[in-house]
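Have a look at the structure below, then the notes.
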Amino acid sequence: MNIEMQLKGKLIAAVKELYGQDINEGQVQVQITRKDLTGDFTIVVFPLIKISKKSPEETGKDIGEHIKRNDPTVVNYNVVKGFLNIELAADYWLTLINEIAEQDRHGYLRAEDNAPLMMIEYSSPNTNKPLHLGHIRNNLLGYSLSRIAEASGKRVIKTNIVNDRGIHICKSMLAWKKWGKGVTPQSSGKKGDHLVGDFYVKFDQEYKAEINTLIQTKISDYPVLKDVIDFKTTLLGLKNKKKTKEGLNEQEIVQLKACEELNKYAEKNAPLMLEAREMLLKWEDKDKEVYSDWEMMNQWVYAGFDVSYKKLGVDFDKIYYESDTYTVGRDMVLDGIEKGAFYRKEDGSVWCDLSDVGLDEKLLLRKDGTSVYMTQDIGTAKLRYDDFDIDKMVYVVGNEQDYHFQVLSLVLDKIGFKWGKDLVHFSYGMVELPQGKMKSREGTVVDADDLVDDMVNTARDMSQQMGKLEGYTSKEAEEVYQMIALGALKYFILKVDPKKNMVFNPEESIDFNGNTGPFIQYTHARIQSIFRKAAEKGIQVGTAAPTHVEIGEKENNLIRTIANFPNVVAEAGHVFSPAIIANFTYDLAKEYNQFYHDCPILFEEDEDKRMMRLILCKTVGKTIKNAMWLLGIDVPEKM
RNA sequence: GGUCCGGUAGCUCAGCUGGAUAGAGCAACAGCCUUCUAAGCUGUAGGUCCUAGGUUCGAAUCCUAGCCGGAUCACCA
């Protein structure tokens, strides 16, 4: 039982005895005392004055006195503006820190064999382009969440669904066929995922050109558009005007409609798109040539992804491929028609009607029988639940897909899967650049590999300038550079509330000072340095601190913070937020640096005090390491 | 237009299950290395917590309305 709970119990007993009333836990508030006031825990007495029928000050004094009399660990109390601050004895805190010092995994819960099984899906890349900054946020969040869940006592399976089929893949394949001249990663020296991504871009360029041509030849079919000179600008202009207060006049409404119709026609009927569609059909028919090209190009991409994942330090327990799951999904959709959950339109396409819950109709199979995104997600879910005894399924996917997951949940429920309703979409915000959103057309997409490489280079430069890695081999030093670079990147991204959009400035934002990963890593390295020095000086570091020494303000802050770590882990696991862990770790590191600055450790002459501080250092070091582990960040011995 | 998310210092973000004087970092300015790692520490300056109402002992936090920004509503994924 933790101290807050104990205090709450004492408070309830005090109210009962003093005022003869029973109150429940919801009526009492115990919080950690603000740093600028004396005390360890604070009881808010306002909710109690109705019961005491006295002023907040008097009520606070009554209760404070009562608790102090009945609890030997409470040595003092004070009442400020209706807040009762309780001060605990130093030996209580020192006993506590000794208990914590014994544990290697303070704050973590052990996952028992029968603990709930949580499957966490993250990454989910498309095989038509390399990973970028957006994927980085996804991967880091997913990986960190899985560790937090593990430390919260869950059994965890990290999974990835690779988007290896669909029209987008056909686009890259088609472009490679047409313009690739047989180029391979080997022949070009290019990473496979980047090479395939280049052809996706190529397709898009040629496709756009075809759309324009098609629009020019067809525009004469629309009399309302006869005065239009630049189609694109007109369409964009009308769309924007529609959003303004002024709105569109009648003629403009007709024009916009015509524009959109023509545009859609062109997008659908551009020769390249028709070819890609045909290729998708062939692929679903397992056409020999298409299939072998597909397999070859996929291998290139997987090899590339493996490198990127390794660079980021993330991994998976089980990988699913949509090429395996989409047929399962298709069968389930067809099955759903028979069950009456879905229906077929005249053209042969299959739909799910969700208008009864205020949503639209949703397409599940195209009229040509090919699968869409939703189809494969249904199949993947089915396979996963067949493979594992999942208690909770978590999808780490961006918030632009909120609607998709709302629908998926309903669709799964409709075909009778009991787990459909309670799937969790862990929805995170977008990463933007200082100039705004990343746009591939404008070349502002930040490539994942490049970003990590840049960070490592920066870390290496800075580290070498400071020259604190003497005695390290170049291989050891290189490991530290990697650690720092990844620490900076991961911390920068994970410290932000996942739900929110965030701005990432590649040049300026990745700092190594202040509220950053390296700052925390540095604090850890500093602590380790103390122990190296202690060994040099022949100072023994015991296993427990003497409990009779006095503790100062900084020491008290540190102990209280560490003691709170289990609550922080539990909270982070509850609301799925690495940011909570990151903020905690920063606070701890900052407090430690203040302590380090103010209090001599090895130079302390009072042996008991020195021992107490060393135990404290040890515990802080371990807690930093454990907290950073939850973020997927390693900490160095030297830096 | 419907639905959802957000708006806190010049910038990037905490704080949001209602609690005391709204906090950090960056940037700016001023200090601290003959002592355990200065990637550190200390100080100064910087605020209409988008606006207006409401709820109450108490609102950045909850409710309503509005303003601004974003996402989404595809036979894309």
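Ordered as shown in the structure tokens, chains take letters A, B, and onward, while each chain numbers its residues from 1 and ligands are numbered from 1 in the order shown.
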Name all residues at most 10 Å from region 25-34 of chain B (count only C-alpha atoms (C1' of nucleotides); drop same-chain ones fewer than 6 positions away) and give them as a PyMOL selection string.
(chain A and resi 508-509+511+513-516) or (chain B and resi 10-13+41-46)
Could you please tell me, as a ChimeraX atom specification, which residues of chain B have an atom within 10 Å of chain A when using only C-alpha atoms (C1' of nucleotides)?
/B:1-6,12-14,19-20,24-26,35-37,39-42,57-58,70-77
Please compute the CA of Glu536 (chain A)-CA of Ala477 (chain A) distance, one decimal, in Å.
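Computing it gives 22.5 Å between the two atoms.
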With DSSP run on the backbone, what are the alpha helix (DSSP H) residues within region 222-470 of chain A? I'd like them as a VMD selection string.
chain A and resid 231 to 243 250 to 269 271 to 284 288 to 312 322 to 339 373 to 387 402 to 414 448 to 466
Run DSSP on the backbone of this structure and report the residues of region 65-188 of chain A it assigns to strand (DSSP E or B), as JSON, numbers by chain.
{"A": [74, 75, 76, 77, 78, 79, 80, 83, 84, 85, 86, 87, 88, 109, 117, 118, 119, 120, 121, 126, 132, 152, 155, 156, 157, 158, 159, 160, 161, 162, 163]}
Output N, CA, C and O atoms of each residue in that selection to a file, as a compact mmCIF listing (two decimals), in the first residue's frame.
```
# COMPACT_ATOMS: atom_id res chain seq x y z
N VAL A 74 4.25 10.89 10.77
CA VAL A 74 3.97 12.30 10.51
C VAL A 74 4.61 13.13 11.61
O VAL A 74 4.26 13.00 12.77
N VAL A 75 5.58 13.95 11.23
CA VAL A 75 6.29 14.71 12.26
C VAL A 75 5.78 16.14 12.38
O VAL A 75 6.00 16.79 13.39
N ASN A 76 5.14 16.63 11.37
CA ASN A 76 4.70 18.01 11.43
C ASN A 76 3.59 18.28 10.42
O ASN A 76 3.38 17.49 9.50
N TYR A 77 2.91 19.39 10.63
CA TYR A 77 1.90 19.79 9.65
C TYR A 77 1.78 21.30 9.67
O TYR A 77 2.19 21.96 10.63
N ASN A 78 1.26 21.86 8.60
CA ASN A 78 0.93 23.30 8.59
C ASN A 78 -0.27 23.51 7.69
O ASN A 78 -0.55 22.71 6.80
N VAL A 79 -1.00 24.56 7.97
CA VAL A 79 -2.19 24.85 7.18
C VAL A 79 -2.02 26.19 6.50
O VAL A 79 -1.75 27.20 7.16
N VAL A 80 -2.10 26.19 5.17
CA VAL A 80 -1.99 27.43 4.42
C VAL A 80 -3.20 27.56 3.52
O VAL A 80 -3.44 26.71 2.66
N PHE A 83 -5.21 24.55 2.90
CA PHE A 83 -4.52 23.34 2.46
C PHE A 83 -3.70 22.82 3.63
O PHE A 83 -2.93 23.58 4.23
N LEU A 84 -3.89 21.56 3.95
CA LEU A 84 -3.18 20.96 5.07
C LEU A 84 -1.96 20.21 4.55
O LEU A 84 -2.08 19.21 3.85
N ASN A 85 -0.79 20.74 4.89
CA ASN A 85 0.45 20.11 4.43
C ASN A 85 1.01 19.21 5.51
O ASN A 85 1.22 19.64 6.65
N ILE A 86 1.28 17.97 5.13
CA ILE A 86 1.75 16.96 6.07
C ILE A 86 3.23 16.69 5.81
O ILE A 86 3.62 16.47 4.66
N GLU A 87 3.98 16.69 6.87
CA GLU A 87 5.42 16.46 6.73
C GLU A 87 5.77 15.10 7.34
O GLU A 87 5.41 14.83 8.49
N LEU A 88 6.47 14.28 6.59
CA LEU A 88 6.81 12.94 7.09
C LEU A 88 8.24 12.91 7.62
O LEU A 88 9.09 13.72 7.22
N LEU A 109 5.66 -3.61 -13.08
CA LEU A 109 4.92 -4.78 -12.62
C LEU A 109 5.39 -5.97 -13.43
O LEU A 109 5.73 -5.84 -14.60
N LEU A 117 -3.38 -10.41 -22.42
CA LEU A 117 -2.53 -10.36 -23.60
C LEU A 117 -2.92 -9.17 -24.47
O LEU A 117 -4.06 -9.08 -24.93
N MET A 118 -1.97 -8.30 -24.67
CA MET A 118 -2.23 -7.12 -25.48
C MET A 118 -1.42 -7.20 -26.76
O MET A 118 -0.20 -7.37 -26.72
N MET A 119 -2.10 -7.13 -27.88
CA MET A 119 -1.37 -7.09 -29.15
C MET A 119 -1.34 -5.65 -29.63
O MET A 119 -2.36 -4.99 -29.69
N ILE A 120 -0.14 -5.19 -29.94
CA ILE A 120 0.01 -3.80 -30.38
C ILE A 120 0.52 -3.78 -31.82
O ILE A 120 1.60 -4.28 -32.11
N GLU A 121 -0.30 -3.24 -32.69
CA GLU A 121 0.11 -3.10 -34.09
C GLU A 121 0.69 -1.71 -34.30
O GLU A 121 0.07 -0.71 -33.93
N ASN A 126 3.64 0.95 -46.10
CA ASN A 126 3.30 0.57 -47.46
C ASN A 126 4.61 0.22 -48.16
O ASN A 126 5.61 0.89 -47.94
N HIS A 132 9.26 7.66 -43.56
CA HIS A 132 9.58 9.07 -43.35
C HIS A 132 9.27 9.47 -41.92
O HIS A 132 8.94 8.63 -41.08
N SER A 152 3.50 -2.48 -17.21
CA SER A 152 2.24 -2.37 -16.49
C SER A 152 1.63 -3.74 -16.24
O SER A 152 0.46 -3.85 -15.89
N ARG A 155 1.00 -9.01 -20.88
CA ARG A 155 1.79 -9.75 -21.86
C ARG A 155 1.58 -9.02 -23.18
O ARG A 155 0.46 -8.65 -23.52
N VAL A 156 2.66 -8.81 -23.90
CA VAL A 156 2.58 -7.96 -25.09
C VAL A 156 3.10 -8.67 -26.33
O VAL A 156 4.12 -9.36 -26.27
N ILE A 157 2.38 -8.53 -27.42
CA ILE A 157 2.89 -8.99 -28.71
C ILE A 157 2.95 -7.80 -29.64
O ILE A 157 1.93 -7.15 -29.90
N LYS A 158 4.16 -7.50 -30.11
CA LYS A 158 4.31 -6.40 -31.06
C LYS A 158 4.07 -6.95 -32.46
O LYS A 158 4.68 -7.95 -32.84
N THR A 159 3.21 -6.31 -33.19
CA THR A 159 2.92 -6.82 -34.52
C THR A 159 2.97 -5.71 -35.55
O THR A 159 2.88 -4.53 -35.22
N ASN A 160 3.13 -6.14 -36.79
CA ASN A 160 3.24 -5.20 -37.89
C ASN A 160 2.41 -5.77 -39.03
O ASN A 160 2.42 -6.98 -39.25
N ILE A 161 1.66 -4.92 -39.70
CA ILE A 161 0.95 -5.39 -40.88
C ILE A 161 1.55 -4.69 -42.08
O ILE A 161 1.54 -3.47 -42.15
N VAL A 162 2.14 -5.46 -42.96
CA VAL A 162 2.81 -4.85 -44.10
C VAL A 162 1.82 -4.73 -45.27
O VAL A 162 1.26 -5.72 -45.72
N ASN A 163 1.64 -3.53 -45.69
CA ASN A 163 0.76 -3.20 -46.80
C ASN A 163 1.43 -3.54 -48.12
O ASN A 163 1.87 -2.66 -48.84
```
Near Ala448 (chain A), counting only C-alpha atoms (C1' of nucleotides), which residues have an atom at most 9 Å away, once you skip same-chain residues fewer than 2 positions from it, shown as a list of chain:residue names?
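Close residues of Ala448 (chain A): A:Pro130, A:Leu131, A:His132, A:Leu133, A:Gly134, A:His135, A:Ile136, A:Ser308, A:Leu312, A:Val446, A:Asp450, A:Leu451, A:Val452, A:Asp453.
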Residues within 7 Å of region 618-628 of chain A, please, as a list of chain:residue names. Count only C-alpha atoms (C1' of nucleotides); anything in the same chain fewer than 6 positions from it doesn't count.
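Everything that qualifies: A:Ala101, A:Arg105, A:His524, A:Ile527, A:Ile581, A:Thr585, A:Asp634, A:Val635.
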Generate the output file for the selected residues, all heavy atoms, as an mmCIF file, in the first residue's frame.
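Dumped everything to again35.cif:
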```cif
data_model
loop_
_atom_site.group_PDB
_atom_site.id
_atom_site.type_symbol
_atom_site.label_atom_id
_atom_site.label_comp_id
_atom_site.auth_asym_id
_atom_site.auth_seq_id
_atom_site.Cartn_x
_atom_site.Cartn_y
_atom_site.Cartn_z
ATOM 1 N N ALA A 101 16.064 0.860 -3.449
ATOM 2 C CA ALA A 101 17.433 0.618 -3.907
ATOM 3 C C ALA A 101 17.710 -0.873 -4.117
ATOM 4 O O ALA A 101 18.542 -1.254 -4.926
ATOM 5 C CB ALA A 101 18.426 1.195 -2.905
ATOM 6 N N ARG A 105 13.985 -3.342 -10.753
ATOM 7 C CA ARG A 105 12.925 -2.863 -11.628
ATOM 8 C C ARG A 105 11.844 -2.132 -10.849
ATOM 9 O O ARG A 105 10.668 -2.419 -10.995
ATOM 10 C CB ARG A 105 12.294 -4.044 -12.383
ATOM 11 C CG ARG A 105 13.238 -4.722 -13.369
ATOM 12 C CD ARG A 105 12.881 -4.304 -14.780
ATOM 13 N NE ARG A 105 13.749 -4.917 -15.765
ATOM 14 C CZ ARG A 105 14.931 -4.382 -16.129
ATOM 15 N NH1 ARG A 105 15.355 -3.276 -15.572
ATOM 16 N NH2 ARG A 105 15.651 -4.976 -17.050
ATOM 17 N N HIS A 524 22.638 10.510 -16.416
ATOM 18 C CA HIS A 524 22.970 9.124 -16.091
ATOM 19 C C HIS A 524 24.479 8.897 -16.137
ATOM 20 O O HIS A 524 25.059 8.269 -15.242
ATOM 21 C CB HIS A 524 22.260 8.177 -17.064
ATOM 22 C CG HIS A 524 22.511 6.727 -16.763
ATOM 23 N ND1 HIS A 524 23.527 6.012 -17.362
ATOM 24 C CD2 HIS A 524 21.902 5.870 -15.898
ATOM 25 C CE1 HIS A 524 23.515 4.771 -16.870
ATOM 26 N NE2 HIS A 524 22.544 4.662 -15.994
ATOM 27 N N ILE A 527 26.225 10.213 -13.103
ATOM 28 C CA ILE A 527 26.072 9.352 -11.925
ATOM 29 C C ILE A 527 27.065 8.196 -11.985
ATOM 30 O O ILE A 527 27.724 7.877 -11.002
ATOM 31 C CB ILE A 527 24.618 8.823 -11.835
ATOM 32 C CG1 ILE A 527 23.672 9.979 -11.541
ATOM 33 C CG2 ILE A 527 24.512 7.739 -10.768
ATOM 34 C CD1 ILE A 527 22.199 9.643 -11.652
ATOM 35 N N ILE A 581 5.884 9.473 -19.212
ATOM 36 C CA ILE A 581 7.174 8.930 -18.776
ATOM 37 C C ILE A 581 8.289 9.929 -19.068
ATOM 38 O O ILE A 581 9.170 10.175 -18.242
ATOM 39 C CB ILE A 581 7.485 7.601 -19.513
ATOM 40 C CG1 ILE A 581 6.378 6.566 -19.275
ATOM 41 C CG2 ILE A 581 8.852 7.061 -19.114
ATOM 42 C CD1 ILE A 581 6.365 5.959 -17.907
ATOM 43 N N THR A 585 10.816 11.696 -16.368
ATOM 44 C CA THR A 585 12.250 11.472 -16.426
ATOM 45 C C THR A 585 13.011 12.796 -16.455
ATOM 46 O O THR A 585 14.049 12.952 -15.813
ATOM 47 C CB THR A 585 12.617 10.637 -17.663
ATOM 48 O OG1 THR A 585 11.656 9.589 -17.814
ATOM 49 C CG2 THR A 585 13.988 10.029 -17.518
ATOM 50 N N ASP A 634 18.380 4.073 -24.794
ATOM 51 C CA ASP A 634 19.468 3.557 -23.980
ATOM 52 C C ASP A 634 20.239 4.704 -23.342
ATOM 53 O O ASP A 634 20.251 5.813 -23.864
ATOM 54 C CB ASP A 634 20.428 2.727 -24.846
ATOM 55 C CG ASP A 634 19.758 1.465 -25.350
ATOM 56 O OD1 ASP A 634 18.943 0.898 -24.599
ATOM 57 O OD2 ASP A 634 20.028 1.053 -26.492
ATOM 58 N N VAL A 635 20.900 4.406 -22.228
ATOM 59 C CA VAL A 635 21.685 5.436 -21.549
ATOM 60 C C VAL A 635 23.142 4.991 -21.442
ATOM 61 O O VAL A 635 23.428 3.831 -21.190
ATOM 62 C CB VAL A 635 21.114 5.736 -20.145
ATOM 63 C CG1 VAL A 635 19.800 6.479 -20.250
ATOM 64 C CG2 VAL A 635 20.927 4.452 -19.336
#
```
Report as a PyMOL selection string all protein, DNA and RNA residues lying within 10 Å of Tyr265 (chain A), evaluated on only C-alpha atoms (C1' of nucleotides), omitting residues in the same chain fewer than 6 positions from it.
chain A and resi 211+214-215+218+259
Find, counting only C-alpha atoms, the residue in A:Ser52, A:Ser187, A:Gln205, A:Thr127 that gets nearest to Met173 (chain A).
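Once distances to Met173 (chain A) are computed over only C-alpha atoms, the minimum belongs to A:Thr127.
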Ranking A:Tyr143, A:Tyr472, A:Trp93, A:Trp419 by minimum distance to Ile562 (chain A) and counting only C-alpha atoms, which one comes first?
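The closest residue to Ile562 (chain A) is A:Trp93.
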Between A:Ile253, A:Ile43, A:Ile510, A:Leu48, which residue has the minimum interatomic distance to Gln21 (chain A), considering only C-alpha atoms?
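Nearest to Gln21 (chain A): A:Leu48.
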Exercise: Ser123 (chain A) partners within 6 Å, only C-alpha atoms (C1' of nucleotides), chain neighbours under 2 positions left out, as a VMD selection string
chain A and resid 125 138 to 139
